[in-house]
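Asker: I'm passing along entry.cif; it holds mmCIF, N, CA and C atoms.
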```cif
data_my_file
#
loop_
_atom_site.label_atom_id
_atom_site.label_comp_id
_atom_site.auth_asym_id
_atom_site.auth_seq_id
_atom_site.Cartn_x
_atom_site.Cartn_y
_atom_site.Cartn_z
N MET K 1 -0.91 23.26 -44.20
CA MET K 1 0.24 23.96 -44.76
C MET K 1 1.32 22.94 -45.07
N ALA K 2 1.89 23.03 -46.26
CA ALA K 2 2.95 22.12 -46.69
C ALA K 2 4.30 22.83 -46.68
N VAL K 3 5.34 22.06 -46.64
CA VAL K 3 6.69 22.61 -46.74
C VAL K 3 6.84 23.24 -48.12
N LEU K 4 7.41 24.42 -48.17
CA LEU K 4 7.62 25.10 -49.45
C LEU K 4 8.91 24.65 -50.12
N ARG K 5 9.96 24.45 -49.33
CA ARG K 5 11.25 24.01 -49.85
C ARG K 5 12.15 23.69 -48.65
N MET K 6 13.25 23.02 -48.91
CA MET K 6 14.27 22.88 -47.88
C MET K 6 15.22 24.06 -48.07
N ASP K 7 15.38 24.87 -47.06
CA ASP K 7 16.17 26.08 -47.18
C ASP K 7 17.67 25.80 -47.07
N ASN K 8 18.08 25.09 -46.01
CA ASN K 8 19.50 24.76 -45.86
C ASN K 8 19.67 23.66 -44.83
N VAL K 9 20.87 23.12 -44.79
CA VAL K 9 21.28 22.16 -43.76
C VAL K 9 22.37 22.85 -42.96
N GLY K 10 22.27 22.84 -41.64
CA GLY K 10 23.25 23.49 -40.78
C GLY K 10 24.27 22.50 -40.25
N ILE K 11 25.54 22.91 -40.27
CA ILE K 11 26.62 22.08 -39.78
C ILE K 11 27.50 22.93 -38.86
N VAL K 12 27.72 22.48 -37.63
CA VAL K 12 28.58 23.18 -36.69
C VAL K 12 30.00 22.66 -36.86
N VAL K 13 30.95 23.59 -36.99
CA VAL K 13 32.35 23.24 -37.21
C VAL K 13 33.23 24.03 -36.25
N GLU K 14 34.45 23.54 -36.04
CA GLU K 14 35.42 24.29 -35.24
C GLU K 14 36.26 25.20 -36.12
N ASP K 15 36.62 24.74 -37.32
CA ASP K 15 37.46 25.52 -38.23
C ASP K 15 36.62 25.95 -39.43
N LEU K 16 36.03 27.13 -39.32
CA LEU K 16 35.13 27.62 -40.36
C LEU K 16 35.85 27.81 -41.69
N ASP K 17 37.05 28.35 -41.66
CA ASP K 17 37.77 28.59 -42.92
C ASP K 17 38.09 27.28 -43.64
N ALA K 18 38.47 26.24 -42.90
CA ALA K 18 38.75 24.94 -43.52
C ALA K 18 37.48 24.34 -44.11
N ALA K 19 36.37 24.47 -43.41
CA ALA K 19 35.10 23.93 -43.92
C ALA K 19 34.68 24.68 -45.18
N ILE K 20 34.82 25.99 -45.18
CA ILE K 20 34.48 26.78 -46.37
C ILE K 20 35.36 26.33 -47.54
N ALA K 21 36.67 26.22 -47.32
CA ALA K 21 37.59 25.83 -48.39
C ALA K 21 37.22 24.46 -48.96
N PHE K 22 36.85 23.52 -48.09
CA PHE K 22 36.44 22.18 -48.53
C PHE K 22 35.23 22.26 -49.45
N PHE K 23 34.19 22.96 -49.02
CA PHE K 23 32.96 23.01 -49.81
C PHE K 23 33.12 23.86 -51.08
N LEU K 24 33.99 24.85 -51.05
CA LEU K 24 34.26 25.61 -52.27
C LEU K 24 35.02 24.74 -53.27
N GLU K 25 35.95 23.92 -52.79
CA GLU K 25 36.66 23.00 -53.69
C GLU K 25 35.71 21.98 -54.28
N LEU K 26 34.70 21.61 -53.53
CA LEU K 26 33.68 20.68 -54.03
C LEU K 26 32.90 21.31 -55.18
N GLY K 27 32.86 22.64 -55.24
CA GLY K 27 32.16 23.32 -56.32
C GLY K 27 31.04 24.23 -55.84
N MET K 28 30.88 24.32 -54.52
CA MET K 28 29.86 25.21 -54.00
C MET K 28 30.36 26.65 -54.05
N GLU K 29 29.45 27.59 -53.90
CA GLU K 29 29.78 29.01 -53.96
C GLU K 29 29.48 29.65 -52.62
N LEU K 30 30.36 30.56 -52.19
CA LEU K 30 30.14 31.27 -50.94
C LEU K 30 29.09 32.35 -51.17
N GLU K 31 28.00 32.22 -50.45
CA GLU K 31 26.91 33.19 -50.55
C GLU K 31 27.15 34.37 -49.63
N GLY K 32 27.76 34.12 -48.46
CA GLY K 32 28.05 35.20 -47.53
C GLY K 32 28.50 34.69 -46.18
N ARG K 33 29.04 35.62 -45.40
CA ARG K 33 29.48 35.34 -44.03
C ARG K 33 28.92 36.42 -43.13
N THR K 34 28.63 36.03 -41.89
CA THR K 34 28.13 37.01 -40.93
C THR K 34 28.36 36.49 -39.52
N GLU K 35 28.12 37.34 -38.53
CA GLU K 35 28.11 36.96 -37.13
C GLU K 35 26.67 37.02 -36.64
N VAL K 36 26.33 36.11 -35.76
CA VAL K 36 24.99 36.08 -35.18
C VAL K 36 25.13 36.04 -33.67
N GLU K 37 24.37 36.90 -32.99
CA GLU K 37 24.34 36.89 -31.53
C GLU K 37 23.10 37.66 -31.08
N GLY K 38 22.80 37.51 -29.81
CA GLY K 38 21.71 38.28 -29.24
C GLY K 38 20.47 37.46 -28.94
N PRO K 39 19.41 38.14 -28.49
CA PRO K 39 18.20 37.46 -28.01
C PRO K 39 17.53 36.55 -29.05
N VAL K 40 17.51 36.96 -30.31
CA VAL K 40 16.87 36.12 -31.33
C VAL K 40 17.63 34.82 -31.49
N ALA K 41 18.97 34.89 -31.56
CA ALA K 41 19.79 33.68 -31.68
C ALA K 41 19.63 32.80 -30.44
N ASP K 42 19.61 33.41 -29.26
CA ASP K 42 19.44 32.63 -28.03
C ASP K 42 18.09 31.91 -28.03
N ARG K 43 17.05 32.62 -28.37
CA ARG K 43 15.70 32.04 -28.34
C ARG K 43 15.57 30.92 -29.37
N CYS K 44 16.05 31.15 -30.57
CA CYS K 44 15.92 30.17 -31.64
C CYS K 44 16.66 28.87 -31.32
N THR K 45 17.87 28.99 -30.76
CA THR K 45 18.69 27.81 -30.48
C THR K 45 18.42 27.18 -29.13
N GLY K 46 17.78 27.93 -28.24
CA GLY K 46 17.57 27.43 -26.88
C GLY K 46 18.83 27.47 -26.04
N LEU K 47 19.80 28.27 -26.47
CA LEU K 47 21.06 28.43 -25.75
C LEU K 47 21.15 29.86 -25.22
N ASP K 48 21.98 30.09 -24.21
CA ASP K 48 22.21 31.43 -23.68
C ASP K 48 23.56 31.94 -24.13
N GLY K 49 23.62 33.21 -24.52
CA GLY K 49 24.88 33.84 -24.88
C GLY K 49 25.45 33.41 -26.21
N VAL K 50 24.57 33.13 -27.17
CA VAL K 50 25.04 32.68 -28.49
C VAL K 50 25.81 33.80 -29.18
N HIS K 51 26.98 33.43 -29.66
CA HIS K 51 27.78 34.29 -30.53
C HIS K 51 28.46 33.35 -31.51
N CYS K 52 28.08 33.46 -32.77
CA CYS K 52 28.62 32.50 -33.72
C CYS K 52 28.87 33.15 -35.07
N ASP K 53 29.89 32.63 -35.74
CA ASP K 53 30.22 33.04 -37.10
C ASP K 53 29.53 32.06 -38.04
N ILE K 54 28.92 32.59 -39.08
CA ILE K 54 28.17 31.75 -40.02
C ILE K 54 28.64 32.05 -41.44
N ALA K 55 28.75 30.98 -42.22
CA ALA K 55 28.99 31.10 -43.66
C ALA K 55 27.92 30.30 -44.37
N MET K 56 27.35 30.86 -45.41
CA MET K 56 26.36 30.15 -46.22
C MET K 56 27.00 29.84 -47.56
N VAL K 57 26.99 28.55 -47.91
CA VAL K 57 27.48 28.13 -49.22
C VAL K 57 26.31 27.49 -49.98
N ARG K 58 26.33 27.66 -51.30
CA ARG K 58 25.22 27.12 -52.11
C ARG K 58 25.75 26.35 -53.30
N THR K 59 24.93 25.46 -53.79
CA THR K 59 25.26 24.72 -54.99
C THR K 59 25.16 25.66 -56.19
N PRO K 60 25.87 25.36 -57.27
CA PRO K 60 25.86 26.26 -58.43
C PRO K 60 24.45 26.50 -59.01
N ASP K 61 23.55 25.53 -58.86
CA ASP K 61 22.19 25.74 -59.38
C ASP K 61 21.33 26.60 -58.45
N GLY K 62 21.85 26.93 -57.26
CA GLY K 62 21.15 27.80 -56.33
C GLY K 62 20.08 27.12 -55.50
N HIS K 63 19.89 25.82 -55.66
CA HIS K 63 18.81 25.12 -54.95
C HIS K 63 19.22 24.50 -53.63
N GLY K 64 20.50 24.24 -53.42
CA GLY K 64 20.95 23.62 -52.19
C GLY K 64 21.90 24.53 -51.43
N ARG K 65 21.72 24.59 -50.11
CA ARG K 65 22.57 25.47 -49.30
C ARG K 65 22.97 24.77 -48.01
N LEU K 66 24.19 25.06 -47.56
CA LEU K 66 24.69 24.62 -46.27
C LEU K 66 25.01 25.85 -45.45
N GLU K 67 24.59 25.84 -44.19
CA GLU K 67 24.96 26.89 -43.26
C GLU K 67 26.04 26.32 -42.35
N LEU K 68 27.25 26.84 -42.47
CA LEU K 68 28.37 26.41 -41.66
C LEU K 68 28.50 27.38 -40.49
N ALA K 69 28.52 26.87 -39.27
CA ALA K 69 28.52 27.73 -38.09
C ALA K 69 29.67 27.37 -37.16
N ARG K 70 30.38 28.39 -36.70
CA ARG K 70 31.44 28.22 -35.69
C ARG K 70 31.02 29.01 -34.46
N TYR K 71 30.75 28.29 -33.38
CA TYR K 71 30.32 28.94 -32.14
C TYR K 71 31.50 29.52 -31.40
N ARG K 72 31.41 30.82 -31.08
CA ARG K 72 32.37 31.44 -30.17
C ARG K 72 31.89 31.21 -28.75
N SER K 73 30.57 31.29 -28.57
CA SER K 73 29.96 30.97 -27.28
C SER K 73 28.50 30.59 -27.53
N PRO K 74 27.95 29.71 -26.73
CA PRO K 74 28.66 28.90 -25.75
C PRO K 74 29.63 27.94 -26.45
N ALA K 75 30.54 27.38 -25.67
CA ALA K 75 31.54 26.47 -26.23
C ALA K 75 30.87 25.28 -26.91
N VAL K 76 31.49 24.80 -27.98
CA VAL K 76 30.95 23.63 -28.69
C VAL K 76 31.10 22.40 -27.81
N ILE K 77 30.23 21.44 -28.04
CA ILE K 77 30.26 20.18 -27.30
C ILE K 77 30.60 19.09 -28.30
N SER K 78 31.58 18.29 -27.97
CA SER K 78 31.99 17.20 -28.86
C SER K 78 30.89 16.14 -28.92
N ALA K 79 30.64 15.66 -30.12
CA ALA K 79 29.66 14.59 -30.30
C ALA K 79 30.36 13.23 -30.34
N GLY K 80 31.59 13.19 -29.91
CA GLY K 80 32.34 11.95 -29.92
C GLY K 80 33.40 11.96 -31.00
N PRO K 81 33.98 10.81 -31.27
CA PRO K 81 35.05 10.75 -32.25
C PRO K 81 34.58 11.20 -33.63
N ARG K 82 35.46 11.83 -34.35
CA ARG K 82 35.11 12.34 -35.69
C ARG K 82 35.19 11.26 -36.75
N THR K 83 35.53 10.07 -36.34
CA THR K 83 35.62 8.96 -37.29
C THR K 83 34.49 7.96 -37.04
N ARG K 84 33.35 8.48 -36.57
CA ARG K 84 32.22 7.61 -36.28
C ARG K 84 31.80 6.85 -37.54
N PRO K 85 31.27 5.64 -37.36
CA PRO K 85 30.83 4.85 -38.52
C PRO K 85 29.59 5.46 -39.15
N HIS K 86 29.34 5.04 -40.36
CA HIS K 86 28.24 5.57 -41.15
C HIS K 86 26.86 5.22 -40.58
N ASN K 87 26.75 4.15 -39.82
CA ASN K 87 25.44 3.69 -39.34
C ASN K 87 25.06 4.23 -37.97
N ILE K 88 25.66 5.33 -37.53
CA ILE K 88 25.32 5.94 -36.25
C ILE K 88 23.99 6.68 -36.38
N LEU K 89 23.21 6.73 -35.30
CA LEU K 89 21.93 7.42 -35.34
C LEU K 89 22.11 8.91 -35.60
N GLY K 90 21.17 9.49 -36.30
CA GLY K 90 21.20 10.92 -36.59
C GLY K 90 21.60 11.18 -38.03
N THR K 91 21.82 12.43 -38.33
CA THR K 91 22.21 12.80 -39.68
C THR K 91 23.55 12.16 -40.00
N HIS K 92 23.61 11.45 -41.12
CA HIS K 92 24.87 10.77 -41.39
C HIS K 92 25.62 11.29 -42.61
N ARG K 93 24.97 12.04 -43.49
CA ARG K 93 25.70 12.56 -44.63
C ARG K 93 24.87 13.58 -45.39
N VAL K 94 25.57 14.34 -46.22
CA VAL K 94 24.97 15.24 -47.19
C VAL K 94 25.45 14.73 -48.53
N MET K 95 24.55 14.56 -49.51
CA MET K 95 24.91 13.97 -50.81
C MET K 95 24.91 15.03 -51.90
N PHE K 96 25.92 14.97 -52.75
CA PHE K 96 26.03 15.89 -53.87
C PHE K 96 26.19 15.12 -55.17
N ALA K 97 25.54 15.59 -56.23
CA ALA K 97 25.75 15.06 -57.57
C ALA K 97 26.98 15.76 -58.14
N VAL K 98 27.91 14.98 -58.70
CA VAL K 98 29.12 15.54 -59.30
C VAL K 98 29.28 15.02 -60.71
N ASP K 99 30.08 15.71 -61.50
CA ASP K 99 30.25 15.28 -62.90
C ASP K 99 31.40 14.29 -63.07
N ASP K 100 32.36 14.25 -62.15
CA ASP K 100 33.50 13.33 -62.23
C ASP K 100 33.92 12.98 -60.81
N ILE K 101 33.49 11.82 -60.35
CA ILE K 101 33.68 11.45 -58.95
C ILE K 101 35.16 11.28 -58.59
N GLU K 102 35.94 10.67 -59.48
CA GLU K 102 37.36 10.45 -59.18
C GLU K 102 38.12 11.77 -59.10
N ASP K 103 37.84 12.70 -60.01
CA ASP K 103 38.47 14.02 -59.97
C ASP K 103 38.05 14.77 -58.70
N THR K 104 36.78 14.67 -58.34
CA THR K 104 36.29 15.37 -57.15
C THR K 104 36.99 14.86 -55.90
N VAL K 105 37.11 13.55 -55.77
CA VAL K 105 37.80 12.97 -54.61
C VAL K 105 39.25 13.44 -54.59
N ALA K 106 39.92 13.44 -55.74
CA ALA K 106 41.32 13.87 -55.81
C ALA K 106 41.47 15.34 -55.40
N ARG K 107 40.54 16.19 -55.81
CA ARG K 107 40.61 17.62 -55.46
C ARG K 107 40.32 17.85 -53.98
N LEU K 108 39.50 16.99 -53.37
CA LEU K 108 39.15 17.16 -51.96
C LEU K 108 40.21 16.61 -51.00
N ARG K 109 41.04 15.69 -51.47
CA ARG K 109 42.07 15.08 -50.60
C ARG K 109 42.97 16.12 -49.94
N PRO K 110 43.47 17.14 -50.66
CA PRO K 110 44.32 18.14 -50.00
C PRO K 110 43.58 18.94 -48.91
N HIS K 111 42.25 18.85 -48.89
CA HIS K 111 41.44 19.53 -47.88
C HIS K 111 41.06 18.56 -46.76
N GLY K 112 41.74 17.42 -46.70
CA GLY K 112 41.54 16.47 -45.61
C GLY K 112 40.54 15.36 -45.89
N ALA K 113 39.98 15.31 -47.08
CA ALA K 113 38.97 14.28 -47.38
C ALA K 113 39.62 12.90 -47.49
N GLU K 114 38.95 11.92 -46.91
CA GLU K 114 39.37 10.53 -47.02
C GLU K 114 38.15 9.70 -47.39
N LEU K 115 38.34 8.74 -48.28
CA LEU K 115 37.24 7.84 -48.62
C LEU K 115 36.84 7.04 -47.38
N VAL K 116 35.54 6.92 -47.14
CA VAL K 116 35.04 6.11 -46.02
C VAL K 116 35.18 4.64 -46.38
N GLY K 117 34.84 4.29 -47.60
CA GLY K 117 34.99 2.93 -48.12
C GLY K 117 35.73 3.03 -49.44
N GLY K 118 35.00 2.89 -50.53
CA GLY K 118 35.58 3.04 -51.85
C GLY K 118 34.53 3.56 -52.81
N ILE K 119 34.93 3.77 -54.03
CA ILE K 119 33.99 4.19 -55.07
C ILE K 119 33.29 2.94 -55.58
N ALA K 120 31.96 2.95 -55.51
CA ALA K 120 31.16 1.78 -55.89
C ALA K 120 30.30 2.10 -57.10
N ARG K 121 30.08 1.09 -57.90
CA ARG K 121 29.23 1.23 -59.09
C ARG K 121 27.87 0.62 -58.78
N PHE K 122 26.80 1.41 -58.95
CA PHE K 122 25.44 0.90 -58.78
C PHE K 122 24.86 0.66 -60.17
N GLU K 123 24.81 -0.63 -60.52
CA GLU K 123 24.33 -1.05 -61.84
C GLU K 123 25.03 -0.22 -62.92
N ASP K 124 24.30 0.22 -63.93
CA ASP K 124 24.87 1.09 -64.95
C ASP K 124 24.39 2.51 -64.76
N SER K 125 24.00 2.84 -63.51
CA SER K 125 23.39 4.13 -63.24
C SER K 125 24.32 5.15 -62.59
N TYR K 126 25.04 4.73 -61.54
CA TYR K 126 25.80 5.70 -60.74
C TYR K 126 27.13 5.13 -60.26
N LEU K 127 28.09 6.02 -60.08
CA LEU K 127 29.25 5.76 -59.25
C LEU K 127 28.98 6.52 -57.96
N LEU K 128 29.20 5.86 -56.82
CA LEU K 128 28.87 6.44 -55.52
C LEU K 128 30.04 6.26 -54.54
N CYS K 129 30.20 7.24 -53.65
CA CYS K 129 31.15 7.07 -52.56
C CYS K 129 30.82 8.05 -51.45
N TYR K 130 31.40 7.77 -50.29
CA TYR K 130 31.34 8.69 -49.16
C TYR K 130 32.76 9.11 -48.83
N VAL K 131 32.94 10.40 -48.58
CA VAL K 131 34.22 10.90 -48.09
C VAL K 131 33.99 11.56 -46.75
N ARG K 132 34.98 11.44 -45.88
CA ARG K 132 34.92 12.12 -44.60
C ARG K 132 35.72 13.41 -44.77
N GLY K 133 35.04 14.53 -44.57
CA GLY K 133 35.64 15.83 -44.76
C GLY K 133 36.02 16.48 -43.44
N PRO K 134 36.11 17.81 -43.44
CA PRO K 134 36.49 18.51 -42.21
C PRO K 134 35.48 18.23 -41.10
N GLU K 135 35.99 18.19 -39.88
CA GLU K 135 35.15 17.98 -38.69
C GLU K 135 34.50 16.60 -38.68
N GLY K 136 34.94 15.68 -39.56
CA GLY K 136 34.37 14.35 -39.62
C GLY K 136 33.07 14.26 -40.40
N ILE K 137 32.69 15.35 -41.07
CA ILE K 137 31.45 15.39 -41.85
C ILE K 137 31.54 14.36 -42.98
N ILE K 138 30.53 13.52 -43.11
CA ILE K 138 30.49 12.57 -44.21
C ILE K 138 29.72 13.20 -45.36
N VAL K 139 30.38 13.25 -46.52
CA VAL K 139 29.79 13.82 -47.72
C VAL K 139 29.66 12.70 -48.75
N GLY K 140 28.46 12.52 -49.27
CA GLY K 140 28.23 11.55 -50.32
C GLY K 140 28.42 12.20 -51.67
N LEU K 141 29.00 11.45 -52.61
CA LEU K 141 29.19 11.92 -53.98
C LEU K 141 28.55 10.90 -54.91
N ALA K 142 27.84 11.41 -55.91
CA ALA K 142 27.17 10.55 -56.88
C ALA K 142 27.43 11.07 -58.29
N GLU K 143 28.00 10.22 -59.14
CA GLU K 143 28.20 10.56 -60.54
C GLU K 143 27.25 9.71 -61.36
N GLN K 144 26.33 10.36 -62.06
CA GLN K 144 25.39 9.63 -62.91
C GLN K 144 26.10 9.18 -64.17
N LEU K 145 25.92 7.93 -64.51
CA LEU K 145 26.54 7.37 -65.71
C LEU K 145 25.56 7.49 -66.88
N ASN K 146 26.06 7.88 -68.03
CA ASN K 146 25.25 8.05 -69.25
C ASN K 146 24.16 9.01 -69.07
#
```
Kindly present the structure from the file in structure tokens form.
Answerer:
Amino acid sequence: MAVLRMDNVGIVVEDLDAAIAFFLELGMELEGRTEVEGPVADRCTGLDGVHCDIAMVRTPDGHGRLELARYRSPAVISAGPRTRPHNILGTHRVMFAVDDIEDTVARLRPHGAELVGGIARFEDSYLLCYVRGPEGIIVGLAEQLN
């Protein structure tokens, strides 16, 4: 049996509304919000007493989705400083193709986004950068040239 598709990437946040606003400004669309709790959530996560708010956002083409989750219980556990470097073990970023990287960065700044480094040019193919968004999430942006 092979993987059929990647359904979504899950990100745990403390401020769900701020995370939603950030990803909507990026150009994603809110698919829906709900609460999850009970035995199925407990069993799936391996946690007891799960109660969490979830928002699903999707890319405009409908192929990419992020599940943003805010745990009411059990309490969230800090993974360390939110300014961790890019080379830390584990998931380090989610990458999005954008049509204008400089405009995208400018629109995300009021939502707390900061460039991790700078906007870099890869040959004559792409402009690339990483921004640190809400909760310290690193988001990659790629603008294809020509």
Asker: Based on DSSP run over this structure's backbone, return all residues of chain K in helix (DSSP H, G or I), as a VMD selection string.
Answerer: chain K and resid 16 to 26 39 to 45 101 to 111 134 to 136
Asker: Hey, what comes out of the PyMOL selection byres ((chain K and resi 126-135) around 6.5) on this file? Could you write it as a PyMOL selection string?
Answerer: chain K and resi 13-14+18-19+82+111-125+136-145
Asker: What is the distance, in Å and to one decimal place, between CA of Glu35 (chain K) and CA of Phe22 (chain K)?
Answerer: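 That distance, rounded to one decimal, is 20.4 Å.
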Asker: Grab the atom N of Thr83 (chain K) to atom N of Val50 (chain K) distance for me, in Å with one decimal place.
Answerer: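 Interatomic distance, atom N of Thr83 (chain K) to atom N of Val50 (chain K): 27.1 Å.
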Asker: I need the residues of region 76-106 of chain K that end up classed as strand (DSSP E or B) by DSSP on the backbone, written out as a PyMOL selection string.
Answerer: chain K and resi 94-97
Asker: What does the distance between atom N of Leu66 (chain K) and CA of Asn146 (chain K) come to in Å, to one decimal place?
Answerer: 27.6 Å
Asker: Would you mind putting back N, CA, C and O atoms on region 62-82 of chain K, then writing it out as a short mmCIF file (atom, residue, chain, number, x, y, z; two decimals), keeping the file's coordinate frame?
Answerer:
```cif
data_model
loop_
_atom_site.label_atom_id
_atom_site.label_comp_id
_atom_site.auth_asym_id
_atom_site.auth_seq_id
_atom_site.Cartn_x
_atom_site.Cartn_y
_atom_site.Cartn_z
N GLY K 62 21.85 26.93 -57.26
CA GLY K 62 21.15 27.80 -56.33
C GLY K 62 20.08 27.12 -55.50
O GLY K 62 19.42 27.76 -54.69
N HIS K 63 19.89 25.82 -55.66
CA HIS K 63 18.81 25.12 -54.95
C HIS K 63 19.22 24.50 -53.63
O HIS K 63 18.37 24.23 -52.79
N GLY K 64 20.50 24.24 -53.42
CA GLY K 64 20.95 23.62 -52.19
C GLY K 64 21.90 24.53 -51.43
O GLY K 64 22.77 25.16 -52.03
N ARG K 65 21.72 24.59 -50.11
CA ARG K 65 22.57 25.47 -49.30
C ARG K 65 22.97 24.77 -48.01
O ARG K 65 22.19 24.01 -47.44
N LEU K 66 24.19 25.06 -47.56
CA LEU K 66 24.69 24.62 -46.27
C LEU K 66 25.01 25.85 -45.45
O LEU K 66 25.63 26.78 -45.95
N GLU K 67 24.59 25.84 -44.19
CA GLU K 67 24.96 26.89 -43.26
C GLU K 67 26.04 26.32 -42.35
O GLU K 67 25.78 25.40 -41.58
N LEU K 68 27.25 26.84 -42.47
CA LEU K 68 28.37 26.41 -41.66
C LEU K 68 28.50 27.38 -40.49
O LEU K 68 28.57 28.59 -40.71
N ALA K 69 28.52 26.87 -39.27
CA ALA K 69 28.52 27.73 -38.09
C ALA K 69 29.67 27.37 -37.16
O ALA K 69 29.90 26.19 -36.87
N ARG K 70 30.38 28.39 -36.70
CA ARG K 70 31.44 28.22 -35.69
C ARG K 70 31.02 29.01 -34.46
O ARG K 70 30.90 30.23 -34.50
N TYR K 71 30.75 28.29 -33.38
CA TYR K 71 30.32 28.94 -32.14
C TYR K 71 31.50 29.52 -31.40
O TYR K 71 32.45 28.82 -31.09
N ARG K 72 31.41 30.82 -31.08
CA ARG K 72 32.37 31.44 -30.17
C ARG K 72 31.89 31.21 -28.75
O ARG K 72 32.69 31.01 -27.84
N SER K 73 30.57 31.29 -28.57
CA SER K 73 29.96 30.97 -27.28
C SER K 73 28.50 30.59 -27.53
O SER K 73 27.91 31.06 -28.50
N PRO K 74 27.95 29.71 -26.73
CA PRO K 74 28.66 28.90 -25.75
C PRO K 74 29.63 27.94 -26.45
O PRO K 74 29.53 27.72 -27.66
N ALA K 75 30.54 27.38 -25.67
CA ALA K 75 31.54 26.47 -26.23
C ALA K 75 30.87 25.28 -26.91
O ALA K 75 29.81 24.82 -26.49
N VAL K 76 31.49 24.80 -27.98
CA VAL K 76 30.95 23.63 -28.69
C VAL K 76 31.10 22.40 -27.81
O VAL K 76 31.98 22.33 -26.94
N ILE K 77 30.23 21.44 -28.04
CA ILE K 77 30.26 20.18 -27.30
C ILE K 77 30.60 19.09 -28.30
O ILE K 77 29.96 18.98 -29.35
N SER K 78 31.58 18.29 -27.97
CA SER K 78 31.99 17.20 -28.86
C SER K 78 30.89 16.14 -28.92
O SER K 78 30.31 15.78 -27.91
N ALA K 79 30.64 15.66 -30.12
CA ALA K 79 29.66 14.59 -30.30
C ALA K 79 30.36 13.23 -30.34
O ALA K 79 29.79 12.25 -30.79
N GLY K 80 31.59 13.19 -29.91
CA GLY K 80 32.34 11.95 -29.92
C GLY K 80 33.40 11.96 -31.00
O GLY K 80 33.69 13.00 -31.60
N PRO K 81 33.98 10.81 -31.27
CA PRO K 81 35.05 10.75 -32.25
C PRO K 81 34.58 11.20 -33.63
O PRO K 81 33.44 10.98 -34.01
N ARG K 82 35.46 11.83 -34.35
CA ARG K 82 35.11 12.34 -35.69
C ARG K 82 35.19 11.26 -36.75
O ARG K 82 34.94 11.51 -37.91
#
```
